[in-house]
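S.K.: The file below is query-v7.cif, mmCIF, C-alpha atoms:
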data_target
loop_
_atom_site.label_atom_id
_atom_site.label_comp_id
_atom_site.auth_asym_id
_atom_site.auth_seq_id
_atom_site.Cartn_x
_atom_site.Cartn_y
_atom_site.Cartn_z
CA MET M 1 5.58 65.05 19.15
CA SER M 2 8.39 67.09 20.67
CA ALA M 3 9.70 70.22 18.99
CA GLU M 4 12.91 68.34 18.16
CA SER M 5 11.02 65.41 16.61
CA PHE M 6 8.77 67.79 14.66
CA GLU M 7 11.79 69.62 13.26
CA HIS M 8 13.43 66.33 12.29
CA ALA M 9 10.28 65.06 10.57
CA THR M 10 9.91 68.33 8.68
CA ARG M 11 13.56 68.24 7.48
CA ALA M 12 13.21 64.61 6.47
CA GLY M 13 9.99 65.26 4.58
CA THR M 14 8.14 62.58 6.55
CA GLY M 15 5.67 64.85 8.33
CA ALA M 16 1.99 64.58 7.63
CA SER M 17 0.46 66.90 5.05
CA TYR M 18 -2.89 67.45 3.34
CA ALA M 19 -1.44 65.80 0.23
CA SER M 20 -0.27 62.74 2.15
CA ALA M 21 -3.81 62.47 3.53
CA GLY M 22 -5.05 62.25 -0.03
CA VAL M 23 -6.20 65.80 -0.77
CA ASP M 24 -4.57 67.48 -3.77
CA ILE M 25 -5.08 71.24 -3.52
CA GLU M 26 -3.16 71.90 -6.74
CA ALA M 27 -5.46 69.55 -8.65
CA GLY M 28 -8.43 71.42 -7.23
CA ASP M 29 -7.00 74.72 -8.42
CA ARG M 30 -6.43 73.23 -11.86
CA ALA M 31 -10.05 72.06 -11.97
CA VAL M 32 -11.24 75.59 -11.17
CA ASP M 33 -9.14 76.99 -14.00
CA LEU M 34 -10.57 74.47 -16.45
CA MET M 35 -14.20 75.09 -15.48
CA LYS M 36 -14.09 78.89 -15.65
CA GLU M 37 -14.82 79.08 -19.36
CA TRP M 38 -17.97 77.02 -18.94
CA VAL M 39 -19.26 78.92 -15.92
CA LYS M 40 -18.90 82.17 -17.88
CA LYS M 41 -21.44 80.85 -20.38
CA ALA M 42 -24.04 80.20 -17.65
CA THR M 43 -24.76 83.76 -16.59
CA ARG M 44 -27.43 86.43 -16.48
CA PRO M 45 -27.18 90.23 -16.45
CA GLU M 46 -27.92 90.25 -12.71
CA VAL M 47 -24.79 88.26 -11.82
CA VAL M 48 -22.14 90.37 -10.10
CA GLY M 49 -18.48 89.39 -10.08
CA GLY M 50 -16.97 86.16 -11.30
CA LEU M 51 -15.90 82.70 -10.23
CA GLY M 52 -13.55 82.38 -7.29
CA GLY M 53 -15.20 84.32 -4.48
CA PHE M 54 -16.57 82.81 -1.31
CA ALA M 55 -20.14 83.48 -2.41
CA GLY M 56 -21.94 84.13 -5.67
CA LEU M 57 -23.53 87.57 -6.01
CA PHE M 58 -26.84 88.29 -7.73
CA ASP M 59 -28.25 91.80 -8.10
CA ALA M 60 -31.65 91.62 -6.37
CA SER M 61 -32.61 95.10 -7.53
CA ALA M 62 -33.89 93.34 -10.64
CA LEU M 63 -36.78 92.12 -8.49
CA LYS M 64 -38.09 95.67 -8.05
CA ARG M 65 -40.28 95.17 -11.09
CA TYR M 66 -42.32 92.67 -9.07
CA GLU M 67 -45.21 93.86 -6.92
CA ARG M 68 -44.62 91.13 -4.36
CA PRO M 69 -41.76 88.83 -5.37
CA LEU M 70 -41.69 85.42 -3.77
CA LEU M 71 -38.39 83.55 -3.82
CA ALA M 72 -38.61 79.83 -4.54
CA SER M 73 -35.85 77.42 -3.52
CA ALA M 74 -35.15 73.81 -4.45
CA THR M 75 -32.31 71.34 -4.04
CA ASP M 76 -31.67 67.88 -5.46
CA GLY M 77 -29.14 65.42 -6.82
CA VAL M 78 -29.19 62.78 -9.55
CA GLY M 79 -29.10 59.63 -7.45
CA THR M 80 -27.33 56.50 -8.60
CA LYS M 81 -27.26 57.66 -12.21
CA VAL M 82 -23.78 58.91 -11.30
CA ASP M 83 -22.71 55.26 -11.33
CA ILE M 84 -23.60 55.02 -15.02
CA ALA M 85 -21.58 58.15 -15.81
CA ARG M 86 -18.61 56.79 -13.84
CA ARG M 87 -18.71 53.40 -15.55
CA MET M 88 -19.16 54.97 -18.99
CA GLY M 89 -16.41 57.50 -18.38
CA VAL M 90 -18.77 60.22 -19.63
CA TYR M 91 -19.01 63.18 -17.28
CA ASP M 92 -20.34 66.10 -19.33
CA THR M 93 -24.04 65.12 -19.35
CA ILE M 94 -24.78 64.37 -15.70
CA GLY M 95 -24.90 68.13 -15.04
CA HIS M 96 -27.92 68.43 -17.33
CA ASP M 97 -29.66 65.94 -15.06
CA LEU M 98 -28.77 67.94 -11.97
CA VAL M 99 -30.07 71.21 -13.39
CA GLY M 100 -33.27 69.58 -14.63
CA MET M 101 -34.02 68.06 -11.26
CA VAL M 102 -33.68 71.45 -9.55
CA VAL M 103 -35.08 74.06 -11.94
CA ASP M 104 -38.09 72.01 -12.97
CA ASP M 105 -39.10 71.77 -9.33
CA LEU M 106 -38.88 75.57 -9.17
CA VAL M 107 -41.03 76.14 -12.25
CA VAL M 108 -43.87 74.01 -10.86
CA CYS M 109 -45.03 76.98 -8.80
CA GLY M 110 -44.50 79.30 -11.76
CA ALA M 111 -41.10 80.55 -10.60
CA GLU M 112 -38.47 81.68 -13.08
CA PRO M 113 -35.13 80.04 -12.16
CA LEU M 114 -32.57 82.77 -11.42
CA PHE M 115 -29.41 81.02 -10.28
CA MET M 116 -27.93 77.75 -9.10
CA THR M 117 -25.00 76.56 -7.03
CA ASP M 118 -23.51 73.07 -7.18
CA TYR M 119 -21.66 70.67 -4.89
CA ILE M 120 -19.38 68.01 -6.34
CA CYS M 121 -17.90 65.42 -4.01
CA VAL M 122 -15.11 63.17 -5.34
CA GLY M 123 -12.78 60.52 -4.02
CA LYS M 124 -9.93 62.10 -5.96
CA VAL M 125 -9.82 65.32 -7.94
CA TYR M 126 -9.13 64.66 -11.60
CA PRO M 127 -9.25 68.23 -12.96
CA GLU M 128 -10.51 67.36 -16.42
CA ARG M 129 -13.25 65.15 -14.97
CA VAL M 130 -14.46 67.82 -12.55
CA ALA M 131 -14.39 70.41 -15.32
CA ALA M 132 -16.48 68.11 -17.53
CA ILE M 133 -19.10 67.76 -14.79
CA VAL M 134 -19.24 71.54 -14.36
CA LYS M 135 -19.45 71.95 -18.14
CA GLY M 136 -22.63 69.88 -18.11
CA ILE M 137 -24.07 71.88 -15.22
CA ALA M 138 -23.29 75.16 -17.01
CA GLU M 139 -24.86 73.92 -20.25
CA GLY M 140 -27.92 72.84 -18.29
CA CYS M 141 -28.18 76.29 -16.73
CA VAL M 142 -28.10 77.86 -20.18
CA LEU M 143 -30.97 75.58 -21.26
CA ALA M 144 -32.87 76.59 -18.11
CA GLY M 145 -32.22 80.32 -18.49
CA CYS M 146 -30.52 80.60 -15.11
CA ALA M 147 -27.01 81.45 -13.94
CA LEU M 148 -24.44 79.23 -12.26
CA VAL M 149 -23.10 81.58 -9.60
CA GLY M 150 -20.88 79.27 -7.60
CA GLY M 151 -20.19 75.84 -6.24
CA GLU M 152 -17.90 73.61 -4.25
CA THR M 153 -15.69 70.67 -5.12
CA ALA M 154 -14.77 68.50 -2.15
CA GLU M 155 -12.20 65.71 -2.15
CA HIS M 156 -12.99 62.90 0.30
CA PRO M 157 -10.18 60.32 0.21
CA GLY M 158 -10.83 57.34 2.42
CA LEU M 159 -14.59 57.83 2.25
CA LEU M 160 -14.94 57.55 -1.53
CA ALA M 161 -12.90 55.46 -3.94
CA ALA M 162 -10.75 57.48 -6.32
CA ASP M 163 -13.22 57.19 -9.22
CA ASP M 164 -16.36 57.74 -7.13
CA PHE M 165 -18.26 61.02 -7.15
CA ASP M 166 -21.62 62.55 -6.40
CA VAL M 167 -23.29 65.82 -7.36
CA ALA M 168 -25.97 67.98 -5.80
CA GLY M 169 -27.28 71.44 -6.46
CA ALA M 170 -29.56 74.16 -5.16
CA GLY M 171 -31.49 76.75 -7.10
CA THR M 172 -33.41 79.94 -6.45
CA GLY M 173 -36.24 81.37 -8.52
CA VAL M 174 -38.81 84.13 -8.29
CA VAL M 175 -42.53 84.38 -8.93
CA GLU M 176 -45.08 87.14 -8.48
CA ALA M 177 -47.23 86.33 -5.44
CA ASP M 178 -50.50 86.55 -7.34
CA ARG M 179 -49.09 84.35 -10.13
CA VAL M 180 -48.18 81.34 -7.99
CA LEU M 181 -49.46 78.14 -9.59
CA GLY M 182 -50.83 75.19 -7.69
CA ALA M 183 -53.78 73.29 -6.29
CA GLU M 184 -55.88 76.34 -5.46
CA ARG M 185 -56.12 77.24 -9.16
CA ILE M 186 -57.22 73.82 -10.47
CA ARG M 187 -60.89 73.56 -11.45
CA GLU M 188 -63.26 70.80 -12.49
CA GLY M 189 -63.10 70.37 -16.26
CA ASP M 190 -59.43 71.30 -16.57
CA ALA M 191 -57.31 69.30 -19.00
CA VAL M 192 -54.20 67.36 -18.05
CA ILE M 193 -51.47 67.89 -20.66
CA ALA M 194 -48.48 65.57 -20.61
CA MET M 195 -44.99 66.46 -21.84
CA ALA M 196 -42.79 63.62 -23.07
CA SER M 197 -39.71 62.67 -21.09
CA SER M 198 -36.35 62.09 -22.74
CA GLY M 199 -36.15 58.68 -21.09
CA LEU M 200 -35.59 57.63 -17.51
CA HIS M 201 -34.42 61.11 -16.48
CA SER M 202 -32.75 60.74 -13.06
CA ASN M 203 -35.08 58.60 -10.99
CA GLY M 204 -35.44 54.90 -10.37
CA TYR M 205 -31.86 54.01 -11.24
CA SER M 206 -31.48 51.76 -8.22
CA LEU M 207 -34.27 49.58 -9.64
CA VAL M 208 -32.97 49.90 -13.21
CA ARG M 209 -29.42 48.95 -12.23
CA HIS M 210 -30.64 46.01 -10.15
CA VAL M 211 -32.73 44.66 -13.03
CA LEU M 212 -30.32 45.22 -15.91
CA PHE M 213 -27.00 44.52 -14.21
CA ASP M 214 -27.66 42.27 -11.22
CA ARG M 215 -30.54 40.18 -12.57
CA ALA M 216 -30.08 40.26 -16.36
CA GLY M 217 -26.29 40.55 -16.33
CA TRP M 218 -26.22 43.06 -19.18
CA GLU M 219 -23.17 45.21 -19.90
CA LEU M 220 -23.21 48.92 -20.71
CA ASP M 221 -21.63 48.38 -24.14
CA ARG M 222 -24.39 45.96 -25.20
CA GLU M 223 -26.07 47.08 -28.41
CA VAL M 224 -29.85 47.15 -27.91
CA PRO M 225 -31.87 47.14 -31.16
CA GLU M 226 -34.90 48.75 -29.48
CA PHE M 227 -32.73 51.73 -28.52
CA GLY M 228 -30.70 51.96 -31.70
CA ARG M 229 -27.64 52.45 -29.48
CA THR M 230 -25.88 50.86 -26.54
CA LEU M 231 -27.45 50.27 -23.16
CA GLY M 232 -25.06 52.75 -21.56
CA GLU M 233 -25.94 55.48 -24.03
CA GLU M 234 -29.62 55.00 -23.34
CA LEU M 235 -29.18 55.04 -19.58
CA LEU M 236 -27.05 58.18 -19.73
CA GLU M 237 -29.56 60.14 -21.84
CA PRO M 238 -29.81 63.54 -20.10
CA THR M 239 -32.91 64.68 -18.29
CA LYS M 240 -35.05 67.02 -20.38
CA ILE M 241 -35.17 70.54 -18.94
CA TYR M 242 -38.67 72.04 -19.20
CA SER M 243 -38.35 75.33 -17.31
CA LEU M 244 -38.24 77.73 -20.28
CA ASP M 245 -40.99 75.78 -22.05
CA CYS M 246 -43.24 75.97 -18.99
CA LEU M 247 -42.54 79.66 -18.52
CA ALA M 248 -43.33 80.26 -22.18
CA LEU M 249 -46.67 78.53 -21.67
CA THR M 250 -47.54 80.85 -18.77
CA ARG M 251 -47.12 83.77 -21.18
CA THR M 252 -49.32 82.33 -23.95
CA ALA M 253 -52.04 80.47 -22.05
CA ASP M 254 -53.85 80.30 -18.75
CA VAL M 255 -52.02 77.70 -16.64
CA HIS M 256 -53.40 76.40 -13.36
CA ALA M 257 -50.65 74.02 -12.27
CA PHE M 258 -47.56 72.08 -13.26
CA SER M 259 -46.28 68.80 -11.86
CA HIS M 260 -42.69 67.58 -12.25
CA ILE M 261 -42.76 63.80 -12.68
CA THR M 262 -39.80 62.51 -10.69
CA GLY M 263 -39.40 59.85 -7.99
CA GLY M 264 -42.80 58.41 -7.11
CA GLY M 265 -44.07 58.40 -10.67
CA LEU M 266 -46.87 60.25 -12.44
CA ALA M 267 -49.77 59.55 -10.10
CA ASN M 268 -47.95 60.43 -6.88
CA ASN M 269 -46.41 63.62 -8.25
CA LEU M 270 -49.61 64.87 -9.86
CA ALA M 271 -51.42 64.18 -6.57
CA ARG M 272 -49.08 66.69 -4.88
CA VAL M 273 -50.79 69.57 -6.72
CA MET M 274 -54.36 68.27 -6.59
CA PRO M 275 -56.87 70.08 -4.36
CA GLU M 276 -59.32 68.42 -2.00
CA GLY M 277 -62.53 67.43 -3.73
CA LEU M 278 -61.09 67.09 -7.22
CA HIS M 279 -59.70 64.08 -9.08
CA ALA M 280 -57.40 63.64 -12.07
CA THR M 281 -57.95 60.78 -14.48
CA VAL M 282 -54.99 60.05 -16.75
CA ASP M 283 -55.47 57.72 -19.72
CA ARG M 284 -52.47 55.51 -20.46
CA SER M 285 -53.74 54.87 -24.01
CA THR M 286 -52.82 58.44 -24.97
CA TRP M 287 -49.12 57.63 -25.18
CA THR M 288 -46.56 54.87 -25.66
CA PRO M 289 -43.67 54.80 -23.15
CA GLY M 290 -40.18 54.48 -24.62
CA PRO M 291 -38.70 50.98 -24.98
CA VAL M 292 -36.47 51.34 -21.89
CA PHE M 293 -39.51 51.20 -19.62
CA ASP M 294 -40.82 48.00 -21.21
CA LEU M 295 -37.33 46.49 -21.06
CA VAL M 296 -36.97 47.07 -17.33
CA GLY M 297 -40.42 45.65 -16.73
CA ARG M 298 -39.85 42.51 -18.83
CA LEU M 299 -36.33 41.65 -17.70
CA GLY M 300 -37.11 42.25 -14.06
CA GLY M 301 -40.60 40.86 -13.98
CA VAL M 302 -41.57 44.22 -12.48
CA ALA M 303 -45.31 44.62 -12.00
CA ARG M 304 -46.93 47.68 -13.58
CA PRO M 305 -47.79 49.34 -10.25
CA GLU M 306 -44.15 49.07 -9.19
CA LEU M 307 -42.94 50.51 -12.49
CA GLU M 308 -45.41 53.36 -12.33
CA LYS M 309 -44.51 54.38 -8.81
CA THR M 310 -40.77 54.28 -9.59
CA LEU M 311 -40.29 55.52 -13.16
CA ASN M 312 -41.78 58.42 -15.14
CA MET M 313 -43.06 56.01 -17.84
CA GLY M 314 -42.46 58.55 -20.60
CA VAL M 315 -43.97 61.66 -19.01
CA GLY M 316 -41.57 64.21 -17.54
CA MET M 317 -43.88 67.13 -16.79
CA ILE M 318 -47.63 67.78 -16.53
CA ALA M 319 -49.51 71.02 -17.15
CA VAL M 320 -53.07 71.49 -15.91
CA VAL M 321 -54.94 74.08 -17.98
CA PRO M 322 -58.56 75.09 -18.60
CA GLN M 323 -60.16 73.53 -21.67
CA GLU M 324 -60.10 76.84 -23.55
CA SER M 325 -56.29 76.92 -23.23
CA VAL M 326 -55.65 73.43 -24.58
CA ASP M 327 -55.11 74.33 -28.23
CA VAL M 328 -52.81 77.23 -27.39
CA ALA M 329 -50.85 75.06 -24.95
CA LEU M 330 -50.31 72.28 -27.48
CA ALA M 331 -49.33 74.81 -30.16
CA THR M 332 -46.90 76.54 -27.79
CA PHE M 333 -45.18 73.28 -26.98
CA ALA M 334 -45.10 72.21 -30.63
CA ASP M 335 -43.46 75.51 -31.59
CA ARG M 336 -40.79 74.85 -28.95
CA GLY M 337 -40.20 71.25 -30.03
CA VAL M 338 -41.81 69.72 -26.96
CA GLU M 339 -43.90 66.61 -27.59
CA SER M 340 -47.17 67.02 -25.69
CA TRP M 341 -50.71 65.68 -25.67
CA VAL M 342 -53.95 65.74 -23.69
CA ALA M 343 -53.64 62.83 -21.29
CA GLY M 344 -56.58 63.33 -18.96
CA GLU M 345 -59.03 65.58 -17.19
CA ILE M 346 -60.03 66.94 -13.81
CA THR M 347 -63.38 65.86 -12.34
CA GLU M 348 -65.09 65.79 -8.96
CA ARG M 349 -63.44 63.31 -6.63
CA GLY M 350 -66.67 61.87 -5.28
CA ASP M 351 -66.01 58.89 -3.05
CA ARG M 352 -62.61 58.11 -4.59
CA ALA M 353 -59.82 57.75 -2.06
CA GLU M 354 -57.03 58.65 -4.50
CA ALA M 355 -56.47 62.05 -6.03
CA VAL M 356 -55.20 60.55 -9.31
CA THR M 357 -56.24 57.45 -11.25
CA LEU M 358 -54.41 55.92 -14.21
CA THR M 359 -56.78 54.14 -16.60
CA GLY M 360 -56.51 52.15 -19.83
CA ASP M 361 -53.44 50.54 -21.33
CA HIS M 362 -50.50 51.95 -23.22
CA HIS M 363 -50.38 51.39 -26.94
CA ALA M 364 -47.72 48.91 -27.96
CA GLY M 365 -44.54 50.51 -29.28
#
Take the structure in the file and give it back as structure tokens.
M.R.:
Amino acid sequence: MSAESFEHATRAGTGASYASAGVDIEAGDRAVDLMKEWVKKATRPEVVGGLGGFAGLFDASALKRYERPLLASATDGVGTKVDIARRMGVYDTIGHDLVGMVVDDLVVCGAEPLFMTDYICVGKVYPERVAAIVKGIAEGCVLAGCALVGGETAEHPGLLAADDFDVAGAGTGVVEADRVLGAERIREGDAVIAMASSGLHSNGYSLVRHVLFDRAGWELDREVPEFGRTLGEELLEPTKIYSLDCLALTRTADVHAFSHITGGGLANNLARVMPEGLHATVDRSTWTPGPVFDLVGRLGGVARPELEKTLNMGVGMIAVVPQESVDVALATFADRGVESWVAGEITERGDRAEAVTLTGDHHAG
């Protein structure tokens, strides 16, 4: 374009702009203003400065009390559960899911979550909607005992529809080097303690959506007697956040390992912390999965192995402890309102190919 044409287009107001390309900077600024009050609630004494800088600051001098501090890092999203939130028009719970997916990966090695950052990608910035998402993330951070030190909201017109969005997050934690939990601590005779999930959490929603919407043709506002609420309300139930409960257990009992039961199911995730030569047997008869798991299986004709490698089947976290710590562990969880039970044991692997075996059958609900 010539200088004359450019000047004419500018005077006429027909020149290209960020706004004409679909990005609303003012809406983004409004979203930041709305979310500030929530971010302020998700803090720790080590946080330096406030929202609005290019980077979040965390005072690392607090780590001086450690002999050899190891930083742990994890990142995750919530998958296609965002589609349920979008369709329900409920945006202030999906952040709980995001925090749970990240911090409960950190705590598996015994790390205390310190801080998180988030990334929210939208087709169009609706300030109140973005603020609601951040509200949920901040509330999740409070439940996890960590700070929300920053984040990014990106508007992607042309790539995402106006109502579409996705969220992701990253977290950092710290653990003393000689307190790291994992496979090397597990011993023959240890007990496998299961902690109840709050439902589907944030995994397997591609299967769940295919079964319930595509195959069964159910709607989100359908009242489901087994749930005592609508289908949408059940599917949007936030992921339980276990980090503070697990850290509390490390202070009251000897803990050898944790396993966060996410994508891949119980057997595959527990196998990730199992050492060579040892085997975990988990007895299904020790618990009854919530009705949503049975519903997906029945309506979709989904075989049990497929369900178990996709969904958590009612167990969100596993703790592996020595037998002498079982009573204390169960009491600690009970005091904190966490439903838990002894679900299995650790034995020699022998000639078994798998590190984990699920046995028995679930009790009927």
S.K.: Applied to the shown file, which residues does the PyMOL selection byres ((chain M and resi 144) around 8) return, written as a PDB file with C-alpha atoms, in the coordinates of the input?
M.R.:
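What landed in selection_37.pdb:
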ATOM      1  CA  VAL M  99     -30.070  71.210 -13.390  1.00  0.00           C
ATOM      2  CA  GLY M 100     -33.270  69.580 -14.630  1.00  0.00           C
ATOM      3  CA  VAL M 103     -35.080  74.060 -11.940  1.00  0.00           C
ATOM      4  CA  PRO M 113     -35.130  80.040 -12.160  1.00  0.00           C
ATOM      5  CA  GLY M 140     -27.920  72.840 -18.290  1.00  0.00           C
ATOM      6  CA  CYS M 141     -28.180  76.290 -16.730  1.00  0.00           C
ATOM      7  CA  VAL M 142     -28.100  77.860 -20.180  1.00  0.00           C
ATOM      8  CA  LEU M 143     -30.970  75.580 -21.260  1.00  0.00           C
ATOM      9  CA  GLY M 145     -32.220  80.320 -18.490  1.00  0.00           C
ATOM     10  CA  CYS M 146     -30.520  80.600 -15.110  1.00  0.00           C
ATOM     11  CA  ILE M 241     -35.170  70.540 -18.940  1.00  0.00           C
ATOM     12  CA  TYR M 242     -38.670  72.040 -19.200  1.00  0.00           C
ATOM     13  CA  SER M 243     -38.350  75.330 -17.310  1.00  0.00           C
ATOM     14  CA  LEU M 244     -38.240  77.730 -20.280  1.00  0.00           C
TER      15      LEU M 244
END
S.K.: Measuring between only C-alpha atoms, which one of M:Gly204, M:Glu112, M:Ala42, M:Cys246 shows the shortest distance to Leu307 of chain M?
M.R.: M:Gly204
S.K.: Identify the residues within 8 Å of coordinate (-56.9, 62.8, -9.1) (same frame as the file), considering all atoms listed in the file, and give the answer as a list in words.
M.R.: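 Residues close enough to count: Ala267, Leu270, Ala271, Met274, Leu278, His279, Ala280, Thr281, Ile346, Thr347, Arg349, Glu354, Ala355, Val356 and Thr357 of chain M.
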S.K.: Report as a list of chain:residue names all protein, DNA and RNA residues lying within 12 Å of Asp335 of chain M, evaluated on only C-alpha atoms, omitting residues in the same chain fewer than 6 positions from it.
M.R.: M:Asp245, M:Ala248, M:Leu249, M:Thr252, M:Val328, M:Ala329
S.K.: Between atom CA of Arg272 of chain M and atom CA of Leu106 of chain M, what distance in Å does the model show, to one decimal?
M.R.: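 That distance, rounded to one decimal, is 14.2 Å.
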S.K.: What does the structure give for the distance between atom CA of Ala183 of chain M and atom CA of Val273 of chain M, in Å to one decimal?
M.R.: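 That distance, rounded to one decimal, is 4.8 Å.
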S.K.: Check which residues satisfy the PyMOL selection byres ((chain M and resi 230-236) around 12) in the file shown, then give them as a PyMOL selection string.
M.R.: chain M and resi 78+80-97+198-205+208-209+212-213+217-229+237-240+290-293+295-296
S.K.: Between atom CA of Ser340 of chain M and atom CA of Ala194 of chain M, what distance in Å does the model show, to one decimal?
M.R.: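 Computed distance, atom CA of Ser340 of chain M to atom CA of Ala194 of chain M, equals 5.4 Å.
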S.K.: Measuring between all atoms listed in the file, which one of M:Gly277, M:Gly79, M:Gly136, M:Pro305 shows the shortest distance to Leu358 of chain M?
M.R.: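 Once distances to Leu358 of chain M are computed over all atoms listed in the file, the minimum belongs to M:Pro305.
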S.K.: Nearest residue to Arg187 of chain M out of M:Arg129, M:Met116, M:Thr262, M:Ala257, using all atoms listed in the file?
M.R.: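 Closest to Arg187 of chain M, using all atoms listed in the file: M:Ala257.
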S.K.: So what does the PyMOL selection byres ((chain M and resi 117) around 7) actually pick up in this one, as a list in words?
M.R.: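 This file gives the following for the PyMOL selection byres ((chain M and resi 117) around 7): Met116, Asp118, Leu148, Val149, Gly150, Gly151, Gly169, Ala170 and Gly171 of chain M.
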S.K.: Write the selection just made, keeping C-alpha atoms, as a PDB file, keeping the file's coordinate frame?
M.R.:
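Saved result, selection-v3.pdb, follows:
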ATOM      1  CA  MET M 116     -27.930  77.750  -9.100  1.00  0.00           C
ATOM      2  CA  ASP M 118     -23.510  73.070  -7.180  1.00  0.00           C
ATOM      3  CA  LEU M 148     -24.440  79.230 -12.260  1.00  0.00           C
ATOM      4  CA  VAL M 149     -23.100  81.580  -9.600  1.00  0.00           C
ATOM      5  CA  GLY M 150     -20.880  79.270  -7.600  1.00  0.00           C
ATOM      6  CA  GLY M 151     -20.190  75.840  -6.240  1.00  0.00           C
ATOM      7  CA  GLY M 169     -27.280  71.440  -6.460  1.00  0.00           C
ATOM      8  CA  ALA M 170     -29.560  74.160  -5.160  1.00  0.00           C
ATOM      9  CA  GLY M 171     -31.490  76.750  -7.100  1.00  0.00           C
TER      10      GLY M 171
END
S.K.: Which residues come within 8 Å of Cys121 of chain M, counting all atoms listed in the file, excluding same-chain residues fewer than 5 positions away, as a short mmCIF file (atom, residue, chain, number, x, y, z; two decimals) with C-alpha atoms, in the frame of the given file?
M.R.:
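The result, written out as around22.cif:
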data_model
loop_
_atom_site.label_atom_id
_atom_site.label_comp_id
_atom_site.auth_asym_id
_atom_site.auth_seq_id
_atom_site.Cartn_x
_atom_site.Cartn_y
_atom_site.Cartn_z
CA THR M 153 -15.69 70.67 -5.12
CA ALA M 154 -14.77 68.50 -2.15
CA GLU M 155 -12.20 65.71 -2.15
CA HIS M 156 -12.99 62.90 0.30
CA PHE M 165 -18.26 61.02 -7.15
CA ASP M 166 -21.62 62.55 -6.40
CA VAL M 167 -23.29 65.82 -7.36
#
S.K.: Show me the residues around (-45.2, 79.5, -9.7) - criterion: an atom at most 7 Å away, all atoms listed in the file counted - as a list in words.
M.R.: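 I get Val107, Val108, Cys109, Gly110, Ala111, Val175, Arg179, Val180 and Leu181 of chain M for the residues within 7 Å of that point.
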S.K.: With a distance cut-off of 10 Å and all atoms listed in the file, select the neighbouring residues of segment 359-362 of chain M, excluding the residue or stretch itself and same-chain residues fewer than 6 positions from it, and output the selection as a list of chain:residue names.
M.R.: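 The filter keeps M:Thr281, M:Val282, M:Asp283, M:Arg284, M:Ser285, M:Thr286, M:Trp287, M:Thr288, M:Pro289, M:Gly344.
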